[in-house]
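Novice: Okay, so here is structure.pdb, and as you'll see once you scroll down, it has PDB, C-alpha atoms.
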ATOM      1  CA  MET A   1      84.857  -3.493 136.946
ATOM      2  CA  VAL A   2      87.201  -1.835 139.452
ATOM      3  CA  GLN A   3      88.404  -5.268 140.529
ATOM      4  CA  SER A   4      89.350  -6.282 136.960
ATOM      5  CA  ALA A   5      91.200  -2.981 136.384
ATOM      6  CA  LEU A   6      93.111  -3.520 139.633
ATOM      7  CA  THR A   7      93.930  -7.105 138.621
ATOM      8  CA  ALA A   8      95.130  -5.967 135.196
ATOM      9  CA  ARG A   9      97.335  -3.298 136.807
ATOM     10  CA  ARG A  10      98.843  -5.885 139.179
ATOM     11  CA  LEU A  11      99.469  -8.246 136.256
ATOM     12  CA  ARG A  12     101.247  -5.478 134.287
ATOM     13  CA  THR A  13     103.347  -4.598 137.336
ATOM     14  CA  ALA A  14     104.312  -8.245 137.817
ATOM     15  CA  CYS A  15     105.265  -8.587 134.141
ATOM     16  CA  LEU A  16     107.347  -5.421 134.325
ATOM     17  CA  CYS A  17     109.135  -6.712 137.425
ATOM     18  CA  LEU A  18     109.906 -10.014 135.694
ATOM     19  CA  LEU A  19     111.205  -8.178 132.637
ATOM     20  CA  LEU A  20     113.437  -5.924 134.720
ATOM     21  CA  THR A  21     114.734  -8.920 136.699
ATOM     22  CA  GLY A  22     115.610 -10.667 133.441
ATOM     23  CA  LEU A  23     117.370  -7.606 132.074
ATOM     24  CA  CYS A  24     119.333  -7.126 135.279
ATOM     25  CA  SER A  25     120.465 -10.755 135.327
ATOM     26  CA  ALA A  26     121.453 -10.566 131.656
ATOM     27  CA  TRP A  27     123.416  -7.372 132.349
ATOM     28  CA  ALA A  28     125.093  -9.013 135.336
ATOM     29  CA  GLN A  29     126.202 -11.936 133.158
ATOM     30  CA  ALA A  30     127.627  -9.635 130.474
ATOM     31  CA  PRO A  31     131.408  -9.513 130.361
ATOM     32  CA  ALA A  32     132.900  -6.833 132.564
ATOM     33  CA  SER A  33     135.098  -5.644 129.721
ATOM     34  CA  ALA A  34     132.310  -4.974 127.214
ATOM     35  CA  ARG A  35     133.212  -2.069 124.913
ATOM     36  CA  ILE A  36     130.429   0.342 124.151
ATOM     37  CA  GLY A  37     130.546   3.187 121.666
ATOM     38  CA  TYR A  38     128.200   5.991 120.757
ATOM     39  CA  VAL A  39     127.458   7.467 117.314
ATOM     40  CA  ASP A  40     125.762  10.839 116.901
ATOM     41  CA  MET A  41     123.683   9.976 113.832
ATOM     42  CA  LYS A  42     122.577  13.545 113.202
ATOM     43  CA  ARG A  43     126.192  14.723 113.056
ATOM     44  CA  LEU A  44     127.100  11.725 110.936
ATOM     45  CA  LEU A  45     124.277  12.367 108.475
ATOM     46  CA  ASP A  46     125.012  16.099 108.355
ATOM     47  CA  ASN A  47     128.740  15.677 107.693
ATOM     48  CA  ALA A  48     129.280  12.370 105.905
ATOM     49  CA  PRO A  49     130.842  13.125 102.516
ATOM     50  CA  GLN A  50     128.427  10.713 100.841
ATOM     51  CA  ILE A  51     125.480  12.781 102.116
ATOM     52  CA  VAL A  52     127.168  16.090 101.260
ATOM     53  CA  ALA A  53     127.835  14.835  97.722
ATOM     54  CA  GLY A  54     124.210  13.747  97.403
ATOM     55  CA  ARG A  55     123.042  17.215  98.488
ATOM     56  CA  SER A  56     125.304  18.863  95.909
ATOM     57  CA  LYS A  57     124.012  16.511  93.237
ATOM     58  CA  LEU A  58     120.417  17.401  94.101
ATOM     59  CA  GLU A  59     121.171  21.129  94.129
ATOM     60  CA  SER A  60     122.614  20.977  90.631
ATOM     61  CA  GLU A  61     119.822  18.670  89.437
ATOM     62  CA  PHE A  62     117.087  21.035  90.624
ATOM     63  CA  ALA A  63     118.852  24.360  90.018
ATOM     64  CA  GLY A  64     117.203  24.955  86.628
ATOM     65  CA  ARG A  65     113.690  24.326  87.878
ATOM     66  CA  ASP A  66     114.328  26.439  90.961
ATOM     67  CA  ALA A  67     115.593  29.323  88.802
ATOM     68  CA  SER A  68     112.505  29.030  86.583
ATOM     69  CA  LEU A  69     110.243  29.141  89.636
ATOM     70  CA  LYS A  70     112.028  32.220  90.983
ATOM     71  CA  ALA A  71     111.698  33.924  87.583
ATOM     72  CA  ASP A  72     107.941  33.261  87.586
ATOM     73  CA  GLU A  73     107.674  34.601  91.150
ATOM     74  CA  LYS A  74     109.546  37.747  90.065
ATOM     75  CA  GLN A  75     107.231  38.139  87.066
ATOM     76  CA  LEU A  76     104.197  37.842  89.358
ATOM     77  CA  ALA A  77     105.610  40.472  91.708
ATOM     78  CA  GLU A  78     106.163  42.812  88.762
ATOM     79  CA  LEU A  79     102.603  42.244  87.507
ATOM     80  CA  ARG A  80     101.227  42.979  90.965
ATOM     81  CA  ALA A  81     103.310  46.138  91.242
ATOM     82  CA  LYS A  82     102.163  47.319  87.816
ATOM     83  CA  ALA A  83      98.500  46.722  88.643
ATOM     84  CA  ALA A  84      98.769  47.683  92.309
ATOM     85  CA  ALA A  85      95.825  50.031  92.662
ATOM     86  CA  ALA A  86      93.149  48.597  90.401
ATOM     87  CA  PRO A  87      94.042  45.699  88.111
ATOM     88  CA  THR A  88      92.023  45.204  84.967
ATOM     89  CA  PRO A  89      90.103  41.932  84.650
ATOM     90  CA  GLU A  90      92.690  40.754  82.101
ATOM     91  CA  GLN A  91      95.581  41.579  84.463
ATOM     92  CA  GLN A  92      93.794  39.838  87.345
ATOM     93  CA  ARG A  93      93.255  36.676  85.250
ATOM     94  CA  GLU A  94      96.923  36.713  84.217
ATOM     95  CA  MET A  95      98.071  37.129  87.833
ATOM     96  CA  ASP A  96      95.708  34.401  89.080
ATOM     97  CA  ALA A  97      96.861  31.994  86.353
ATOM     98  CA  LEU A  98     100.524  32.710  87.101
ATOM     99  CA  GLU A  99      99.920  32.297  90.825
ATOM    100  CA  ARG A 100      98.267  28.892  90.281
ATOM    101  CA  SER A 101     101.113  27.864  87.991
ATOM    102  CA  ILE A 102     103.692  28.877  90.601
ATOM    103  CA  LYS A 103     101.853  26.923  93.297
ATOM    104  CA  ARG A 104     101.731  23.808  91.087
ATOM    105  CA  GLN A 105     105.418  24.160  90.196
ATOM    106  CA  ARG A 106     106.384  24.677  93.847
ATOM    107  CA  ASP A 107     104.372  21.645  94.995
ATOM    108  CA  SER A 108     105.749  19.495  92.196
ATOM    109  CA  LEU A 109     109.304  20.615  92.903
ATOM    110  CA  ARG A 110     108.910  20.003  96.638
ATOM    111  CA  ASN A 111     107.485  16.506  96.103
ATOM    112  CA  GLU A 112     110.124  15.513  93.579
ATOM    113  CA  LEU A 113     112.922  16.928  95.726
ATOM    114  CA  LYS A 114     111.618  14.999  98.739
ATOM    115  CA  ALA A 115     111.503  11.756  96.751
ATOM    116  CA  ARG A 116     115.005  12.288  95.332
ATOM    117  CA  SER A 117     116.378  13.264  98.766
ATOM    118  CA  ASP A 118     114.963  10.084 100.253
ATOM    119  CA  GLN A 119     116.479   8.096  97.393
ATOM    120  CA  GLU A 120     119.920   9.692  97.897
ATOM    121  CA  LEU A 121     119.714   9.088 101.652
ATOM    122  CA  ASP A 122     118.799   5.433 101.088
ATOM    123  CA  ASN A 123     121.795   5.025  98.780
ATOM    124  CA  SER A 124     124.170   6.562 101.328
ATOM    125  CA  TRP A 125     122.572   5.002 104.398
ATOM    126  CA  ARG A 126     123.731   1.495 103.508
ATOM    127  CA  GLU A 127     127.333   2.667 103.131
ATOM    128  CA  ILE A 128     127.195   4.653 106.392
ATOM    129  CA  ASN A 129     125.681   1.746 108.306
ATOM    130  CA  ASP A 130     128.296  -0.644 106.884
ATOM    131  CA  ALA A 131     131.050   1.759 107.972
ATOM    132  CA  VAL A 132     129.707   1.805 111.542
ATOM    133  CA  VAL A 133     129.460  -1.989 111.671
ATOM    134  CA  SER A 134     132.910  -2.616 110.185
ATOM    135  CA  PHE A 135     134.441   0.008 112.502
ATOM    136  CA  ALA A 136     132.829  -1.682 115.524
ATOM    137  CA  ARG A 137     134.061  -5.122 114.496
ATOM    138  CA  GLU A 138     137.604  -3.985 113.688
ATOM    139  CA  GLN A 139     137.938  -2.017 116.919
ATOM    140  CA  GLY A 140     136.440  -4.763 119.103
ATOM    141  CA  TYR A 141     133.272  -2.983 120.180
ATOM    142  CA  ASP A 142     130.498  -5.107 121.635
ATOM    143  CA  LEU A 143     127.808  -2.466 121.212
ATOM    144  CA  ILE A 144     127.432   0.774 119.274
ATOM    145  CA  VAL A 145     124.523   2.928 120.403
ATOM    146  CA  ALA A 146     123.115   5.503 117.998
ATOM    147  CA  SER A 147     121.526   8.794 118.953
ATOM    148  CA  PRO A 148     119.249   9.881 120.422
ATOM    149  CA  VAL A 149     120.424   8.838 123.860
ATOM    150  CA  VAL A 150     119.968  10.531 127.207
ATOM    151  CA  TYR A 151     123.706  10.852 127.819
ATOM    152  CA  ALA A 152     126.914   9.678 126.215
ATOM    153  CA  SER A 153     130.335  10.522 127.526
ATOM    154  CA  PRO A 154     132.749  12.024 124.990
ATOM    155  CA  ARG A 155     134.993   9.083 125.905
ATOM    156  CA  VAL A 156     132.641   6.644 124.125
ATOM    157  CA  ASP A 157     131.708   8.953 121.214
ATOM    158  CA  VAL A 158     133.167   7.387 118.050
ATOM    159  CA  THR A 159     131.345   9.633 115.578
ATOM    160  CA  GLU A 160     134.449  11.492 114.408
ATOM    161  CA  ARG A 161     136.358   8.250 113.853
ATOM    162  CA  ILE A 162     133.525   6.913 111.709
ATOM    163  CA  LEU A 163     133.360  10.200 109.790
ATOM    164  CA  ASP A 164     137.095   9.841 109.095
ATOM    165  CA  ARG A 165     136.451   6.335 107.782
ATOM    166  CA  LEU A 166     133.656   7.605 105.530
ATOM    167  CA  ARG A 167     135.896  10.408 104.256
ATOM    168  CA  ARG A 168     138.609   7.900 103.364
ATOM    169  CA  GLN A 169     136.041   5.656 101.618
ATOM    170  CA  SER A 170     134.707   8.646  99.718
ATOM    171  CA  ALA A 171     138.222   9.669  98.654
ATOM    172  CA  LYS A 172     138.925   6.127  97.448
ATOM    173  CA  GLY A 173     135.629   6.055  95.539
ATOM    174  CA  GLY A 174     136.339   9.444  93.962
ATOM    175  CA  ALA A 175     139.865   8.388  92.929
ATOM    176  CA  GLN A 176     138.608   5.349  91.015
TER     177      GLN A 176
END
Just give me the structure as structure tokens.

Specialist:
Amino acid sequence: MVQSALTARRLRTACLCLLLTGLCSAWAQAPASARIGYVDMKRLLDNAPQIVAGRSKLESEFAGRDASLKADEKQLAELRAKAAAAPTPEQQREMDALERSIKRQRDSLRNELKARSDQELDNSWREINDAVVSFAREQGYDLIVASPVVYASPRVDVTERILDRLRRQSAKGGAQ
């Protein structure tokens, strides 16, 4: 048993060494003038005008339901304050029913908002990804690395340039 575990460990180590040797030789054969860029995807997704517009759209779409939920929560708070010491059975039933209704509304709103947010992100993601790829091709980059990375020098960070491109695309789309 110990022998087979030791053999398996040696086999894994040998495979890892072969893999690293292959990667090193591939890296050594890469052109010395390879251009590499870095994109901070979190910053891109937080600031891209397409994403910001999607957030605004969702806020306006869900504003009515959110206001209704807040009104129900306010009504519940008022009922609780009115019946603070010793609520009657009728008041307790009304508060319990309103509390269940609020929970259902909140869960429904959260689920629908999550689904719509994912849908908006999917719609924008394609455009953002295309902007990164076209930027890389036009500027002669061989590789664009997206976050998270351990370290990226500000010299290779092209996030702001891609954001500028997305802003211009958004302005063109809004002008049409």

Novice: If I take CA of Glu90 in chain A and CA of Glu78 in chain A, how far is one from the other in Å, to one decimal?

Specialist: 15.2 Å

Novice: Write out as an NGL selection string each polymer residue whose atoms come within 12 Å of Asp122 in chain A, counting only C-alpha atoms; drop sequence neighbours fewer than 4 positions from it.

Specialist: :A and (45 or 50-51 or 54 or 115-118 or 126-129)

Novice: Record the distance separating CA of Glu61 in chain A and CA of Ser124 in chain A, expressed in Å with one decimal.

Specialist: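 Computed distance, CA of Glu61 in chain A to CA of Ser124 in chain A, equals 17.5 Å.
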
Novice: Would you kindly translate the PyMOL selection byres ((chain A and resi 132) around 9) into the concrete residues it picks from this file, as a list in words?

Specialist: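 On this input, the PyMOL selection byres ((chain A and resi 132) around 9) captures Val39, Glu127, Ile128, Asn129, Asp130, Ala131, Val133, Ser134, Phe135, Ala136, Arg137, Ile144, Thr159, Ile162 and Arg165 of chain A.
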
Novice: Convert the current residue selection to file output with C-alpha atoms, as a PDB file, in the frame of the given file.

Specialist:
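Contents of out-v7.pdb, freshly written:
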ATOM      1  CA  VAL A  39     127.458   7.467 117.314  1.00  0.00           C
ATOM      2  CA  GLU A 127     127.333   2.667 103.131  1.00  0.00           C
ATOM      3  CA  ILE A 128     127.195   4.653 106.392  1.00  0.00           C
ATOM      4  CA  ASN A 129     125.681   1.746 108.306  1.00  0.00           C
ATOM      5  CA  ASP A 130     128.296  -0.644 106.884  1.00  0.00           C
ATOM      6  CA  ALA A 131     131.050   1.759 107.972  1.00  0.00           C
ATOM      7  CA  VAL A 133     129.460  -1.989 111.671  1.00  0.00           C
ATOM      8  CA  SER A 134     132.910  -2.616 110.185  1.00  0.00           C
ATOM      9  CA  PHE A 135     134.441   0.008 112.502  1.00  0.00           C
ATOM     10  CA  ALA A 136     132.829  -1.682 115.524  1.00  0.00           C
ATOM     11  CA  ARG A 137     134.061  -5.122 114.496  1.00  0.00           C
ATOM     12  CA  ILE A 144     127.432   0.774 119.274  1.00  0.00           C
ATOM     13  CA  THR A 159     131.345   9.633 115.578  1.00  0.00           C
ATOM     14  CA  ILE A 162     133.525   6.913 111.709  1.00  0.00           C
ATOM     15  CA  ARG A 165     136.451   6.335 107.782  1.00  0.00           C
TER      16      ARG A 165
END

Novice: What is the distance between CA of Asp66 in chain A and CA of Ala81 in chain A, in Å to one decimal?

Specialist: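 Result for CA of Asp66 in chain A versus CA of Ala81 in chain A: 22.6 Å, one decimal.
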
Novice: Give the answer as one residue: which of A:Leu113, A:Asp40, A:Lys74, A:Ser108 has the shortest atom-to-atom distance to Ser60 in chain A, using only C-alpha atoms?

Specialist: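 Counting only C-alpha atoms, the residue closest to Ser60 in chain A is A:Leu113.
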
Novice: Go through the shown structure with the PyMOL selection byres ((chain A and resi 141) around 8) and write out the matching residues as an MDAnalysis selection string.

Specialist: chainID A and resid 34:37 136:140 142:144

Novice: Residue by residue, what does the PyMOL selection byres ((chain A and resi 80) around 12) grab here? Present the result as a CSV table (one decimal) with C-alpha atoms, in the coordinates of the input.

Specialist:
chain,number,residue,atom,x,y,z
A,73,GLU,CA,107.7,34.6,91.2
A,74,LYS,CA,109.5,37.7,90.1
A,75,GLN,CA,107.2,38.1,87.1
A,76,LEU,CA,104.2,37.8,89.4
A,77,ALA,CA,105.6,40.5,91.7
A,78,GLU,CA,106.2,42.8,88.8
A,79,LEU,CA,102.6,42.2,87.5
A,81,ALA,CA,103.3,46.1,91.2
A,82,LYS,CA,102.2,47.3,87.8
A,83,ALA,CA,98.5,46.7,88.6
A,84,ALA,CA,98.8,47.7,92.3
A,85,ALA,CA,95.8,50.0,92.7
A,86,ALA,CA,93.1,48.6,90.4
A,87,PRO,CA,94.0,45.7,88.1
A,88,THR,CA,92.0,45.2,85.0
A,91,GLN,CA,95.6,41.6,84.5
A,92,GLN,CA,93.8,39.8,87.3
A,93,ARG,CA,93.3,36.7,85.2
A,94,GLU,CA,96.9,36.7,84.2
A,95,MET,CA,98.1,37.1,87.8
A,96,ASP,CA,95.7,34.4,89.1
A,98,LEU,CA,100.5,32.7,87.1
A,99,GLU,CA,99.9,32.3,90.8

Novice: Around the point (123.0, 3.9, 121.9) (coordinates from the file), which residues reach within 7 Å if we count all atoms listed in the file? Answer as a list in words.

Specialist: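 Residues satisfying the cut-off, written out: Tyr38, Ile144, Val145, Ala146, Ser147 and Val149 of chain A.
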
Novice: With distances taken over only C-alpha atoms, which residue among A:Val156, A:Leu121, A:Leu163, A:Ala171 lies nearest Arg55 in chain A?

Specialist: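 Smallest distance to Arg55 in chain A is found for A:Leu121.
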
Novice: Emit range 75-135 of chain A of the structure in the block as a file comprising C-alpha atoms, as a compact mmCIF listing (two decimals), in the first residue's frame.

Specialist:
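Contents of part_39.txt, as written:
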# COMPACT_ATOMS: atom_id res chain seq x y z
CA GLN A 75 -47.18 49.36 7.68
CA LEU A 76 -45.90 46.34 9.63
CA ALA A 77 -43.73 48.57 11.81
CA GLU A 78 -46.73 50.79 12.54
CA LEU A 79 -48.88 47.76 13.43
CA ARG A 80 -46.18 46.48 15.77
CA ALA A 81 -45.84 49.88 17.41
CA LYS A 82 -49.60 50.15 17.88
CA ALA A 83 -49.83 46.69 19.44
CA ALA A 84 -46.48 46.84 21.22
CA ALA A 85 -47.45 45.67 24.68
CA ALA A 86 -50.13 43.05 24.12
CA PRO A 87 -51.50 42.56 20.61
CA THR A 88 -54.98 41.15 20.23
CA PRO A 89 -55.29 37.82 18.39
CA GLU A 90 -56.69 39.71 15.38
CA GLN A 91 -53.75 42.14 15.37
CA GLN A 92 -51.28 39.25 15.71
CA ARG A 93 -52.86 37.41 12.75
CA GLU A 94 -52.73 40.60 10.67
CA MET A 95 -49.06 41.18 11.57
CA ASP A 96 -48.14 37.54 10.88
CA ALA A 97 -49.93 37.60 7.51
CA LEU A 98 -48.24 40.87 6.53
CA GLU A 99 -44.86 39.55 7.64
CA ARG A 100 -45.28 36.41 5.50
CA SER A 101 -46.39 38.54 2.56
CA ILE A 102 -43.34 40.79 2.94
CA LYS A 103 -41.03 37.77 3.07
CA ARG A 104 -42.60 36.31 -0.09
CA GLN A 105 -42.38 39.67 -1.88
CA ARG A 106 -38.75 40.15 -0.80
CA ASP A 107 -37.76 36.65 -1.94
CA SER A 108 -39.60 37.04 -5.23
CA LEU A 109 -38.05 40.45 -5.84
CA ARG A 110 -34.57 39.19 -4.99
CA ASN A 111 -34.89 36.18 -7.32
CA GLU A 112 -36.29 38.21 -10.19
CA LEU A 113 -33.67 40.93 -9.74
CA LYS A 114 -30.91 38.31 -9.75
CA ALA A 115 -32.25 36.75 -12.96
CA ARG A 116 -32.61 40.14 -14.67
CA SER A 117 -29.14 41.24 -13.48
CA ASP A 118 -27.63 38.09 -14.93
CA GLN A 119 -29.51 38.70 -18.18
CA GLU A 120 -28.27 42.31 -18.40
CA LEU A 121 -24.71 41.20 -17.63
CA ASP A 122 -24.88 38.53 -20.34
CA ASN A 123 -26.07 41.13 -22.85
CA SER A 124 -23.22 43.51 -21.97
CA TRP A 125 -20.56 40.84 -21.52
CA ARG A 126 -20.44 40.01 -25.22
CA GLU A 127 -19.90 43.66 -26.14
CA ILE A 128 -17.23 44.11 -23.44
CA ASN A 129 -15.39 40.96 -24.49
CA ASP A 130 -15.52 42.02 -28.15
CA ALA A 131 -14.08 45.42 -27.20
CA VAL A 132 -11.15 43.76 -25.41
CA VAL A 133 -10.45 41.45 -28.34
CA SER A 134 -10.69 44.17 -31.00
CA PHE A 135 -8.51 46.49 -28.89
